[in-house]
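**Student:** work.cif (mmCIF, C-alpha atoms) pasted underneath:
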data_data
loop_
_atom_site.label_atom_id
_atom_site.label_comp_id
_atom_site.auth_asym_id
_atom_site.auth_seq_id
_atom_site.Cartn_x
_atom_site.Cartn_y
_atom_site.Cartn_z
CA MET A 1 -190.95 -264.96 6.43
CA ASP A 2 -187.90 -265.69 8.59
CA ASP A 3 -185.83 -263.06 10.36
CA SER A 4 -183.04 -262.73 7.82
CA THR A 5 -185.43 -262.41 4.84
CA GLY A 6 -187.38 -259.77 6.75
CA ARG A 7 -184.20 -257.85 7.49
CA GLU A 8 -183.08 -258.05 3.87
CA ALA A 9 -186.47 -256.74 2.69
CA GLN A 10 -186.29 -253.93 5.23
CA GLU A 11 -182.75 -253.07 4.15
CA ALA A 12 -183.80 -252.97 0.48
CA ARG A 13 -186.80 -250.78 1.33
CA TRP A 14 -184.73 -248.32 3.38
CA ARG A 15 -182.07 -248.17 0.71
CA ALA A 16 -184.63 -247.42 -2.01
CA TRP A 17 -186.27 -244.72 0.11
CA MET A 18 -182.89 -243.17 0.91
CA ILE A 19 -181.96 -242.99 -2.77
CA ALA A 20 -185.33 -241.36 -3.50
CA THR A 21 -184.73 -238.97 -0.58
CA GLN A 22 -181.42 -237.88 -2.09
CA ALA A 23 -183.34 -237.08 -5.27
CA GLY A 24 -185.72 -234.89 -3.26
CA ASP A 25 -188.71 -237.27 -2.91
CA ALA A 26 -190.48 -236.01 0.24
CA ALA A 27 -192.97 -238.92 0.35
CA ALA A 28 -190.14 -241.47 0.44
CA TYR A 29 -188.36 -239.43 3.12
CA ASP A 30 -191.52 -239.30 5.21
CA LYS A 31 -191.90 -243.09 5.02
CA LEU A 32 -188.21 -243.62 5.83
CA LEU A 33 -188.29 -241.35 8.88
CA ALA A 34 -191.53 -242.92 10.11
CA GLU A 35 -189.95 -246.40 9.98
CA LEU A 36 -186.66 -245.26 11.50
CA LEU A 37 -188.16 -243.33 14.41
CA PRO A 38 -189.10 -246.32 16.66
CA ARG A 39 -185.84 -248.15 15.76
CA LEU A 40 -183.68 -245.18 16.61
CA ARG A 41 -185.63 -244.45 19.80
CA GLN A 42 -185.00 -248.03 20.92
CA TYR A 43 -181.32 -247.77 19.91
CA ILE A 44 -180.87 -244.53 21.89
CA ARG A 45 -182.74 -245.79 24.96
CA ARG A 46 -180.36 -248.73 25.15
CA ARG A 47 -177.38 -246.38 25.22
CA VAL A 48 -178.45 -243.15 26.87
CA PHE A 49 -179.61 -243.82 30.41
CA ASP A 50 -180.61 -240.25 31.28
CA VAL A 51 -184.30 -240.27 30.39
CA ASN A 52 -184.38 -236.46 30.08
CA ALA A 53 -181.72 -236.53 27.39
CA GLN A 54 -182.97 -239.45 25.29
CA GLU A 55 -185.38 -237.52 23.10
CA ASP A 56 -182.76 -234.76 22.56
CA VAL A 57 -180.31 -237.38 21.33
CA VAL A 58 -183.00 -238.91 19.07
CA GLN A 59 -183.55 -235.46 17.55
CA ASN A 60 -179.80 -234.95 17.11
CA VAL A 61 -179.59 -238.29 15.30
CA PHE A 62 -182.30 -237.22 12.85
CA LEU A 63 -180.68 -233.80 12.33
CA SER A 64 -177.34 -235.52 11.62
CA LEU A 65 -179.05 -237.99 9.31
CA HIS A 66 -180.63 -235.08 7.42
CA ARG A 67 -177.35 -233.15 7.14
CA ALA A 68 -175.32 -236.23 6.21
CA ARG A 69 -177.81 -237.71 3.72
CA HIS A 70 -175.51 -236.85 0.79
CA THR A 71 -172.78 -239.10 2.29
CA TYR A 72 -174.84 -242.25 1.73
CA ARG A 73 -173.84 -244.07 -1.46
CA ALA A 74 -176.33 -246.38 -3.12
CA GLU A 75 -173.84 -249.22 -3.59
CA ARG A 76 -173.24 -249.46 0.19
CA PRO A 77 -175.62 -251.10 2.70
CA PHE A 78 -177.89 -248.62 4.47
CA SER A 79 -178.00 -249.93 8.06
CA PRO A 80 -174.25 -249.56 8.87
CA TRP A 81 -174.42 -245.98 7.57
CA LEU A 82 -177.54 -245.23 9.63
CA TYR A 83 -176.18 -246.73 12.84
CA ALA A 84 -172.84 -244.96 12.36
CA VAL A 85 -174.71 -241.64 12.28
CA ALA A 86 -176.65 -242.68 15.41
CA ARG A 87 -173.51 -243.92 17.17
CA ASN A 88 -171.73 -240.63 16.44
CA ALA A 89 -174.64 -238.68 17.93
CA VAL A 90 -174.43 -240.83 21.09
CA ILE A 91 -170.65 -240.29 21.26
CA ASP A 92 -171.14 -236.53 20.87
CA TYR A 93 -173.76 -236.59 23.63
CA THR A 94 -171.50 -238.65 25.94
CA ARG A 95 -168.59 -236.26 25.38
CA SER A 96 -170.63 -233.12 25.98
CA ARG A 97 -172.25 -234.74 29.04
CA GLY A 98 -168.83 -235.64 30.40
CA ARG A 99 -167.63 -232.06 29.96
CA ARG A 100 -170.84 -230.66 31.48
CA LEU A 101 -170.74 -233.05 34.44
CA GLY A 102 -167.11 -232.16 35.04
CA ARG A 103 -168.02 -228.49 35.24
CA GLU A 104 -171.14 -229.10 37.34
CA LEU A 105 -169.36 -231.40 39.78
CA SER A 106 -166.58 -228.90 40.32
CA LEU A 107 -169.17 -226.18 41.00
CA GLU A 108 -171.06 -228.50 43.34
CA ALA A 109 -167.86 -229.38 45.13
CA ASP A 110 -167.15 -225.68 45.58
CA ALA A 111 -170.62 -225.03 46.94
CA GLY A 112 -170.81 -228.23 48.98
CA VAL A 113 -174.00 -229.36 47.18
CA GLU A 114 -174.89 -233.05 46.77
CA PRO A 115 -175.06 -234.01 43.06
CA VAL A 116 -178.52 -235.10 41.89
CA ALA A 117 -178.69 -238.61 40.41
CA ALA A 118 -180.12 -238.98 36.91
CA PRO A 119 -183.51 -240.71 36.90
CA ALA A 120 -183.57 -244.34 35.87
CA ASP A 121 -184.62 -245.26 32.36
CA PRO A 122 -188.28 -246.37 32.39
CA HIS A 123 -187.73 -248.22 29.11
CA ALA A 124 -185.11 -250.39 30.70
CA ASP A 125 -187.68 -251.92 33.04
CA ASP A 126 -186.43 -255.36 32.18
CA LEU A 127 -182.96 -254.50 33.50
CA ALA A 128 -182.10 -254.43 37.19
CA PRO A 129 -180.94 -250.98 38.40
CA GLU A 130 -177.59 -252.52 39.44
CA LEU A 131 -177.08 -253.79 35.91
CA ILE A 132 -177.86 -250.38 34.41
CA GLU A 133 -175.38 -248.79 36.81
CA ALA A 134 -172.73 -251.41 36.03
CA LEU A 135 -173.30 -250.92 32.29
CA GLN A 136 -172.77 -247.19 32.71
CA ALA A 137 -169.45 -247.90 34.43
CA LEU A 138 -168.11 -249.80 31.40
CA PRO A 139 -165.97 -248.11 28.72
CA ASP A 140 -168.10 -247.02 25.71
CA ASN A 141 -166.88 -249.73 23.33
CA GLN A 142 -167.43 -252.58 25.84
CA ARG A 143 -170.89 -251.25 26.78
CA GLU A 144 -171.84 -251.13 23.11
CA ALA A 145 -170.65 -254.71 22.50
CA VAL A 146 -172.45 -256.08 25.56
CA THR A 147 -175.63 -254.18 24.70
CA LEU A 148 -175.68 -255.34 21.09
CA ILE A 149 -175.00 -259.01 21.79
CA HIS A 150 -176.41 -259.69 25.25
CA LEU A 151 -179.27 -257.19 25.45
CA GLU A 152 -180.37 -256.68 21.85
CA GLY A 153 -179.64 -260.30 20.96
CA LEU A 154 -177.89 -259.55 17.67
CA SER A 155 -175.59 -262.10 16.10
CA VAL A 156 -171.85 -261.34 16.22
CA ALA A 157 -171.89 -260.57 12.48
CA GLU A 158 -174.79 -258.11 12.81
CA ALA A 159 -173.37 -256.53 15.94
CA SER A 160 -169.92 -256.07 14.40
CA GLU A 161 -171.49 -254.45 11.32
CA ARG A 162 -173.46 -252.09 13.48
CA ALA A 163 -170.50 -251.22 15.70
CA GLY A 164 -168.23 -250.75 12.70
CA VAL A 165 -165.54 -253.16 13.95
CA SER A 166 -164.38 -256.63 12.96
CA LYS A 167 -166.12 -259.69 14.40
CA SER A 168 -163.09 -260.70 16.45
CA ALA A 169 -162.69 -257.19 17.89
CA LEU A 170 -166.35 -257.16 18.86
CA LYS A 171 -166.10 -260.58 20.50
CA VAL A 172 -163.09 -259.42 22.53
CA ARG A 173 -164.92 -256.26 23.62
CA ALA A 174 -168.06 -258.19 24.54
CA HIS A 175 -166.02 -260.73 26.50
CA ARG A 176 -164.10 -258.05 28.38
CA GLY A 177 -167.28 -256.11 29.01
CA TYR A 178 -169.08 -259.20 30.27
CA ARG A 179 -166.19 -260.04 32.60
CA ALA A 180 -166.03 -256.45 33.90
CA LEU A 181 -169.81 -256.46 34.47
CA HIS A 182 -169.58 -259.74 36.30
CA ALA A 183 -166.75 -258.45 38.51
CA LEU A 184 -168.59 -255.19 39.25
CA LEU A 185 -171.82 -256.95 40.19
CA GLU A 186 -169.94 -259.41 42.40
CA ASP A 187 -168.14 -256.57 44.17
CA TRP A 188 -171.40 -254.79 44.84
CA GLU A 189 -173.03 -257.94 46.10
CA ARG A 190 -170.15 -258.45 48.57
CA GLU A 191 -170.47 -254.85 49.78
CA MET B 1 -187.96 -232.60 24.72
CA SER B 2 -191.17 -234.49 24.08
CA GLU B 3 -191.81 -237.26 21.59
CA ARG B 4 -194.36 -234.95 19.95
CA GLY B 5 -191.56 -232.38 19.54
CA THR B 6 -189.52 -234.98 17.64
CA GLU B 7 -192.44 -235.76 15.36
CA VAL B 8 -192.94 -232.04 14.61
CA MET B 9 -189.21 -231.74 13.86
CA LEU B 10 -189.38 -234.67 11.44
CA GLU B 11 -192.35 -233.07 9.65
CA GLY B 12 -190.21 -229.94 9.29
CA LEU B 13 -187.32 -231.95 7.84
CA VAL B 14 -189.64 -233.58 5.27
CA GLU B 15 -191.18 -230.23 4.29
CA ASN B 16 -187.75 -228.64 3.80
CA LEU B 17 -186.23 -231.57 1.93
CA GLU B 18 -184.07 -230.59 -1.02
CA PRO B 19 -182.34 -232.91 -3.48
CA VAL B 20 -178.65 -233.56 -2.77
CA LYS B 21 -175.87 -234.95 -4.88
CA PRO B 22 -174.18 -237.95 -3.22
CA ILE B 23 -170.48 -237.52 -2.48
CA PRO B 24 -168.19 -239.14 -5.05
CA PRO B 25 -166.99 -242.68 -4.25
CA LEU B 26 -163.63 -243.05 -2.49
CA ARG B 27 -162.18 -244.74 -5.56
CA SER B 28 -162.64 -241.62 -7.69
CA VAL B 29 -161.25 -239.40 -4.93
CA PHE B 30 -158.11 -241.55 -4.79
CA ARG B 31 -157.87 -241.38 -8.59
CA MET B 32 -158.09 -237.60 -8.43
CA LEU B 33 -155.40 -237.51 -5.73
CA ALA B 34 -153.15 -239.74 -7.83
CA LEU B 35 -153.58 -237.31 -10.73
CA ILE B 36 -152.73 -234.32 -8.53
CA PHE B 37 -149.65 -236.09 -7.20
CA GLY B 38 -148.66 -236.98 -10.78
CA VAL B 39 -148.73 -233.27 -11.58
CA ALA B 40 -146.82 -232.58 -8.35
CA ALA B 41 -144.15 -235.09 -9.44
CA LEU B 42 -143.85 -233.25 -12.77
CA VAL B 43 -143.56 -229.92 -10.95
CA ASN B 44 -140.90 -231.49 -8.77
CA LEU B 45 -139.02 -232.59 -11.89
CA LEU B 46 -139.17 -229.08 -13.33
CA TRP B 47 -138.18 -227.62 -9.98
CA VAL B 48 -135.05 -229.65 -9.33
CA GLY B 49 -134.29 -230.92 -12.83
CA ARG B 50 -133.93 -234.61 -13.64
CA SER B 51 -132.06 -235.53 -10.53
CA LEU B 52 -132.27 -238.66 -8.42
CA ALA B 53 -130.89 -239.39 -4.99
CA PRO B 54 -127.31 -240.70 -5.34
CA LEU B 55 -126.81 -244.44 -5.89
CA SER B 56 -125.04 -244.78 -2.55
CA ALA B 57 -128.20 -243.58 -0.84
CA TRP B 58 -130.40 -246.16 -2.63
CA LEU B 59 -128.05 -248.90 -1.44
CA HIS B 60 -128.48 -247.81 2.16
CA PRO B 61 -131.40 -249.68 3.94
CA PRO B 62 -132.32 -246.76 6.29
CA PHE B 63 -132.88 -244.63 3.16
CA TRP B 64 -135.46 -247.18 1.97
CA LEU B 65 -136.99 -247.49 5.43
CA LEU B 66 -137.50 -243.73 5.55
CA LEU B 67 -138.98 -243.70 2.03
CA ILE B 68 -141.38 -246.57 2.76
CA GLY B 69 -142.27 -244.93 6.08
CA LEU B 70 -143.12 -241.68 4.29
CA VAL B 71 -145.31 -243.42 1.70
CA VAL B 72 -147.07 -245.59 4.32
CA THR B 73 -147.69 -242.55 6.56
CA ALA B 74 -149.07 -240.64 3.58
CA GLY B 75 -151.40 -243.45 2.47
CA GLY B 76 -152.66 -244.17 5.99
CA SER B 77 -153.19 -240.51 6.86
CA MET B 78 -155.11 -239.74 3.68
CA LEU B 79 -157.25 -242.85 4.12
CA ALA B 80 -157.97 -241.87 7.74
CA ALA B 81 -158.88 -238.31 6.72
CA LEU B 82 -161.19 -239.36 3.89
CA THR B 83 -163.01 -242.23 5.57
CA GLY B 84 -163.34 -240.40 8.90
CA ALA B 85 -165.75 -238.00 7.20
CA ILE B 86 -168.10 -240.70 5.90
CA PRO B 87 -170.48 -242.41 8.35
CA GLY B 88 -170.16 -246.19 8.26
CA ARG B 89 -166.52 -246.20 7.13
CA GLU B 90 -165.06 -246.09 10.65
CA ARG B 91 -163.30 -249.43 10.24
CA LEU B 92 -161.31 -248.08 7.28
CA ALA B 93 -160.61 -244.87 9.20
CA ARG B 94 -159.21 -246.87 12.12
CA MET B 95 -157.12 -248.92 9.70
CA GLY B 96 -155.83 -245.69 8.13
CA ARG B 97 -154.86 -244.25 11.51
CA GLY B 98 -153.05 -247.45 12.47
CA THR B 99 -151.23 -247.53 9.14
CA ALA B 100 -150.23 -243.88 9.52
CA TRP B 101 -148.76 -244.52 12.97
CA ALA B 102 -146.90 -247.59 11.68
CA GLY B 103 -145.53 -245.49 8.79
CA ALA B 104 -144.46 -242.73 11.17
CA LEU B 105 -142.64 -245.31 13.27
CA MET B 106 -140.90 -246.71 10.19
CA ALA B 107 -139.88 -243.25 8.97
CA SER B 108 -138.52 -242.30 12.40
CA LEU B 109 -136.68 -245.61 12.65
CA GLY B 110 -135.20 -245.11 9.16
CA GLY B 111 -134.01 -241.64 10.09
CA ILE B 112 -132.55 -242.72 13.42
CA LEU B 113 -130.87 -245.84 12.00
CA GLY B 114 -129.37 -243.72 9.23
CA LEU B 115 -128.03 -241.34 11.82
CA ALA B 116 -126.59 -244.17 13.93
CA ALA B 117 -124.87 -245.72 10.91
CA ALA B 118 -123.49 -242.43 9.56
CA ASP B 119 -119.85 -241.54 9.85
CA PRO B 120 -119.14 -238.15 11.49
CA VAL B 121 -118.39 -236.41 8.16
CA VAL B 122 -121.71 -237.44 6.66
CA ALA B 123 -123.60 -236.58 9.86
CA ARG B 124 -122.95 -232.84 9.65
CA PHE B 125 -126.02 -230.66 9.33
CA PRO B 126 -126.59 -228.55 6.17
CA LEU B 127 -129.28 -226.08 7.31
CA GLY B 128 -129.89 -224.43 3.91
CA ILE B 129 -130.72 -227.59 1.97
CA THR B 130 -132.77 -228.94 4.90
CA VAL B 131 -135.01 -225.87 4.92
CA ALA B 132 -135.27 -226.04 1.12
CA CYS B 133 -136.33 -229.74 1.14
CA ALA B 134 -138.90 -229.22 3.90
CA TRP B 135 -140.33 -226.22 2.10
CA ARG B 136 -140.45 -228.12 -1.20
CA ALA B 137 -142.29 -231.06 0.44
CA CYS B 138 -144.79 -228.66 1.95
CA ALA B 139 -145.32 -226.84 -1.36
CA LEU B 140 -145.82 -230.13 -3.24
CA GLY B 141 -148.32 -231.31 -0.62
CA ALA B 142 -150.30 -228.08 -0.27
CA VAL B 143 -152.50 -228.49 -3.38
CA PRO B 144 -153.43 -232.15 -2.71
CA ALA B 145 -154.09 -231.20 0.95
CA ALA B 146 -156.41 -228.42 -0.21
CA ALA B 147 -158.23 -230.83 -2.54
CA LEU B 148 -158.62 -233.30 0.34
CA CYS B 149 -159.96 -230.58 2.62
CA VAL B 150 -162.53 -229.47 0.04
CA TYR B 151 -163.76 -233.08 -0.13
CA LEU B 152 -163.83 -233.31 3.68
CA ALA B 153 -165.90 -230.14 3.90
CA ARG B 154 -168.35 -231.57 1.37
CA ALA B 155 -168.64 -234.86 3.32
CA PHE B 156 -169.71 -234.95 6.99
CA GLU B 157 -166.66 -234.11 9.06
CA ARG B 158 -167.34 -233.93 12.81
CA ARG B 159 -163.77 -233.13 13.87
CA PRO B 160 -162.31 -230.73 11.28
CA GLY B 161 -159.10 -230.18 13.27
CA VAL B 162 -158.16 -233.87 13.37
CA ALA B 163 -159.23 -234.37 9.76
CA ALA B 164 -157.11 -231.42 8.62
CA ILE B 165 -154.09 -232.84 10.49
CA PHE B 166 -154.44 -236.22 8.76
CA ALA B 167 -155.04 -234.62 5.36
CA CYS B 168 -152.04 -232.28 5.64
CA VAL B 169 -149.70 -234.90 7.13
CA GLY B 170 -150.72 -237.32 4.35
CA ALA B 171 -150.26 -234.87 1.51
CA VAL B 172 -147.04 -233.30 2.81
CA THR B 173 -145.35 -236.62 3.65
CA LEU B 174 -146.14 -237.88 0.14
CA GLY B 175 -144.61 -234.65 -1.18
CA SER B 176 -141.65 -235.38 1.06
CA GLY B 177 -141.43 -238.87 -0.47
CA LEU B 178 -140.99 -237.21 -3.87
CA VAL B 179 -138.36 -234.90 -2.44
CA HIS B 180 -136.61 -237.86 -0.78
CA THR B 181 -136.18 -239.68 -4.11
CA SER B 182 -134.79 -236.62 -5.88
CA CYS B 183 -132.63 -235.00 -3.20
CA PRO B 184 -128.88 -235.14 -3.98
CA SER B 185 -127.92 -235.04 -0.30
CA ARG B 186 -127.42 -238.30 1.60
CA GLU B 187 -126.44 -236.77 4.90
CA SER B 188 -128.29 -238.60 7.66
CA LEU B 189 -129.24 -235.64 9.80
CA HIS B 190 -130.55 -233.87 6.73
CA LEU B 191 -132.64 -236.90 5.75
CA LEU B 192 -134.14 -237.17 9.24
CA LEU B 193 -134.86 -233.48 9.65
CA GLY B 194 -135.37 -232.22 6.09
CA HIS B 195 -137.35 -235.17 4.77
CA TRP B 196 -139.28 -236.24 7.85
CA LEU B 197 -139.43 -234.08 10.98
CA ALA B 198 -139.49 -230.60 9.42
CA PRO B 199 -142.13 -231.51 6.78
CA LEU B 200 -144.17 -233.12 9.58
CA GLY B 201 -143.96 -229.89 11.57
CA LEU B 202 -144.92 -227.84 8.51
CA ALA B 203 -147.86 -230.19 7.85
CA LEU B 204 -149.12 -229.59 11.39
CA LEU B 205 -148.84 -225.83 10.85
CA LEU B 206 -150.62 -226.13 7.50
CA ALA B 207 -153.44 -228.01 9.25
CA LEU B 208 -154.42 -224.87 11.17
CA PRO B 209 -155.68 -222.84 8.19
CA PHE B 210 -157.04 -225.97 6.53
CA SER B 211 -159.17 -226.90 9.56
CA LEU B 212 -160.69 -223.41 9.34
CA LEU B 213 -161.25 -223.99 5.62
CA ILE B 214 -163.10 -227.29 6.34
CA ARG B 215 -165.23 -225.56 8.99
CA ARG B 216 -166.08 -222.65 6.75
CA LEU B 217 -166.76 -224.64 3.57
CA GLY B 218 -168.62 -227.32 5.58
CA ARG B 219 -170.95 -224.72 7.10
CA GLY B 220 -171.59 -223.26 3.66
CA SER B 221 -172.28 -226.56 1.92
CA ARG B 222 -174.55 -227.86 4.70
CA ALA B 223 -176.46 -224.62 5.16
CA GLY B 224 -178.81 -225.55 2.37
CA SER B 225 -179.30 -229.16 3.40
#
Represent the structure of the file as structure tokens.
**Tutor:**
Amino acid sequence: MDDSTGREAQEARWRAWMIATQAGDAAAYDKLLAELLPRLRQYIRRRVFDVNAQEDVVQNVFLSLHRARHTYRAERPFSPWLYAVARNAVIDYTRSRGRRLGRELSLEADAGVEPVAAPADPHADDLAPELIEALQALPDNQREAVTLIHLEGLSVAEASERAGVSKSALKVRAHRGYRALHALLEDWERE
Amino acid sequence: MSERGTEVMLEGLVENLEPVKPIPPLRSVFRMLALIFGVAALVNLLWVGRSLAPLSAWLHPPFWLLLIGLVVTAGGSMLAALTGAIPGRERLARMGRGTAWAGALMASLGGILGLAAADPVVARFPLGITVACAWRACALGAVPAAALCVYLARAFERRPGVAAIFACVGAVTLGSGLVHTSCPSRESLHLLLGHWLAPLGLALLLALPFSLLIRRLGRGSRAGS
């Protein structure tokens, strides 16, 4: 079975389980969540670099998925809906983290305390620490595009579906992100 | 939190699963909105009688630009409000927001061009009729805005304040479009203020109670899920 047939079968399976879930079928829901758990963990680990927060975000994604399950419509594909829920949870986490860091940094500045760096992501062993740092420095939309295309290896069509933007917009974001990454890494190398 | 904690949470979600009714498709929501606006147009007819804006106004391009701007703003805002509450429809939501901004620009341009082209006699400012038109636009838009907000509360709205703004701006500007076509006045300052800026301001005020409504109804409808 080639990749695209496998993905289509998976999509059909998830869609059927989701429809059964909406009707209150706990067995179908159990199967759906069991299949989604490793996918969503991987998705979150590629986007949330603070290892202490990753599992919290995974749980938030599942809570959102549970609360929003009535917004899925059977005639629509399942994966874009699922990844939109996950993306929103990551955005919510990034916003709340930004607000929290802002408060903590101002307190630390007042007290003269050195901020503590977040631990590196052990699941991103294949990525150099400099690359992880440079990825974190990118704007959210560029980081997402670079991650989807260059790190997860998705096609432009798949990546644009998952990001919820047009193919051309995704290509522009990925290109800008790649250029920014390149510039950042070069700067650091010079330093 | 540990991975085991996540697995325990998922077991809890499965155990507490209850059947849910999927939200209605966007097509039927737009049909319902069209019906409500049809009724609003009838109410408008009964309110002001069978009057139309004067012929001289229809022959004036800024009048058209303002009207098209109002309709485009309304369509874009309502699309943005509705699709913003449904995961996976972000592309449509972005399109709606862009359309709404383009409409707002057109409406403002129509109002300003009308003002620039007006002779001093026509450019005087009738306060009474301006307040009446703004109020009428707001009243015509209030029911559709409430219907939109009920739908938003039932969907999965993460930012009720922003959603309420788009819903109210959409509904009130469409109401203002109805007012614009039936208002006997063609005075430029009145058209800019009474048909565009004042209804916009009222829509923003209306968004305050409606965002609370979305929050409250949303909490209630999701409590069981």
**Student:** Can you pull out the residues contacting region 83-87 of chain A? Cut-off 7 Å, using all atoms listed in the file, and skip same-chain residues under 2 positions away; I want them as a list in words.
**Tutor:**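 Residues meeting the cut-off are Val61, Ser64, Leu65, Ser79, Pro80, Trp81, Ala89, Val90, Ile91 and Arg162 of chain A; Pro87 and Gly88 of chain B.
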**Student:** For this file, the PyMOL selection byres ((chain B) within 9 of (chain A)) selects which residues, as number ranges by chain?
**Tutor:** B: 1-3, 5-7, 9-11, 13-25, 85-91, 154-156, 158, 222-223, 225
**Student:** Once the PyMOL selection byres ((chain B and resi 187) around 12) has been applied to the shown file, what residues remain in the selection, as a ChimeraX atom specification?
**Tutor:** /B:53-54,56-57,60,62-63,111,114-127,129-130,180,183-186,188-195
**Student:** What would the list of residues within 8 Å of (-147.6, -240.1, 6.0) (file frame) look like as a tab-separated table (two decimals) with C-alpha atoms, in the coordinates of the input, if all atoms listed in the file are what count?
**Tutor:**
chain	number	residue	atom	x	y	z
B	69	GLY	CA	-142.27	-244.93	6.08
B	70	LEU	CA	-143.12	-241.68	4.29
B	71	VAL	CA	-145.31	-243.42	1.70
B	72	VAL	CA	-147.07	-245.59	4.32
B	73	THR	CA	-147.69	-242.55	6.56
B	74	ALA	CA	-149.07	-240.64	3.58
B	75	GLY	CA	-151.40	-243.45	2.47
B	76	GLY	CA	-152.66	-244.17	5.99
B	77	SER	CA	-153.19	-240.51	6.86
B	78	MET	CA	-155.11	-239.74	3.68
B	100	ALA	CA	-150.23	-243.88	9.52
B	103	GLY	CA	-145.53	-245.49	8.79
B	104	ALA	CA	-144.46	-242.73	11.17
B	169	VAL	CA	-149.70	-234.90	7.13
B	170	GLY	CA	-150.72	-237.32	4.35
B	171	ALA	CA	-150.26	-234.87	1.51
B	172	VAL	CA	-147.04	-233.30	2.81
B	173	THR	CA	-145.35	-236.62	3.65
B	174	LEU	CA	-146.14	-237.88	0.14
**Student:** Residues at most 10 Å from Ile149 (chain A), counting only C-alpha atoms, excluding those fewer than 4 positions away in the same chain, as a ChimeraX atom specification?
**Tutor:** /A:144-145,153-160,170-171,174
**Student:** One number please: CA of Gly201 (chain B) to CA of Leu55 (chain B), in Å, one decimal.
**Tutor:**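 Interatomic distance here is 28.5 Å.
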**Student:** Between CA of Leu109 (chain B) and CA of Leu45 (chain B), what is the distance, to one decimal in Å?
**Tutor:**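 Those two atoms sit 27.9 Å apart.
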**Student:** Pick from B:Arg31, B:Arg97, B:Arg4, B:Arg136: nearest to Ala203 (chain B), with all atoms listed in the file counted?
**Tutor:**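 Of the candidates, the smallest distance to Ala203 (chain B) is held by B:Arg136.
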**Student:** With distances taken over all atoms listed in the file, which of A:Glu133, A:Glu8, A:Glu35, A:Glu152 is nearest to Phe49 (chain A)?
**Tutor:**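 Of the candidates, the smallest distance to Phe49 (chain A) is held by A:Glu133.
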**Student:** In Å to one decimal, how far is CA of Arg45 (chain A) from CA of Asp187 (chain A)?
**Tutor:**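 Answer for the CA of Asp187 (chain A) to CA of Arg45 (chain A) separation: 26.4 Å.
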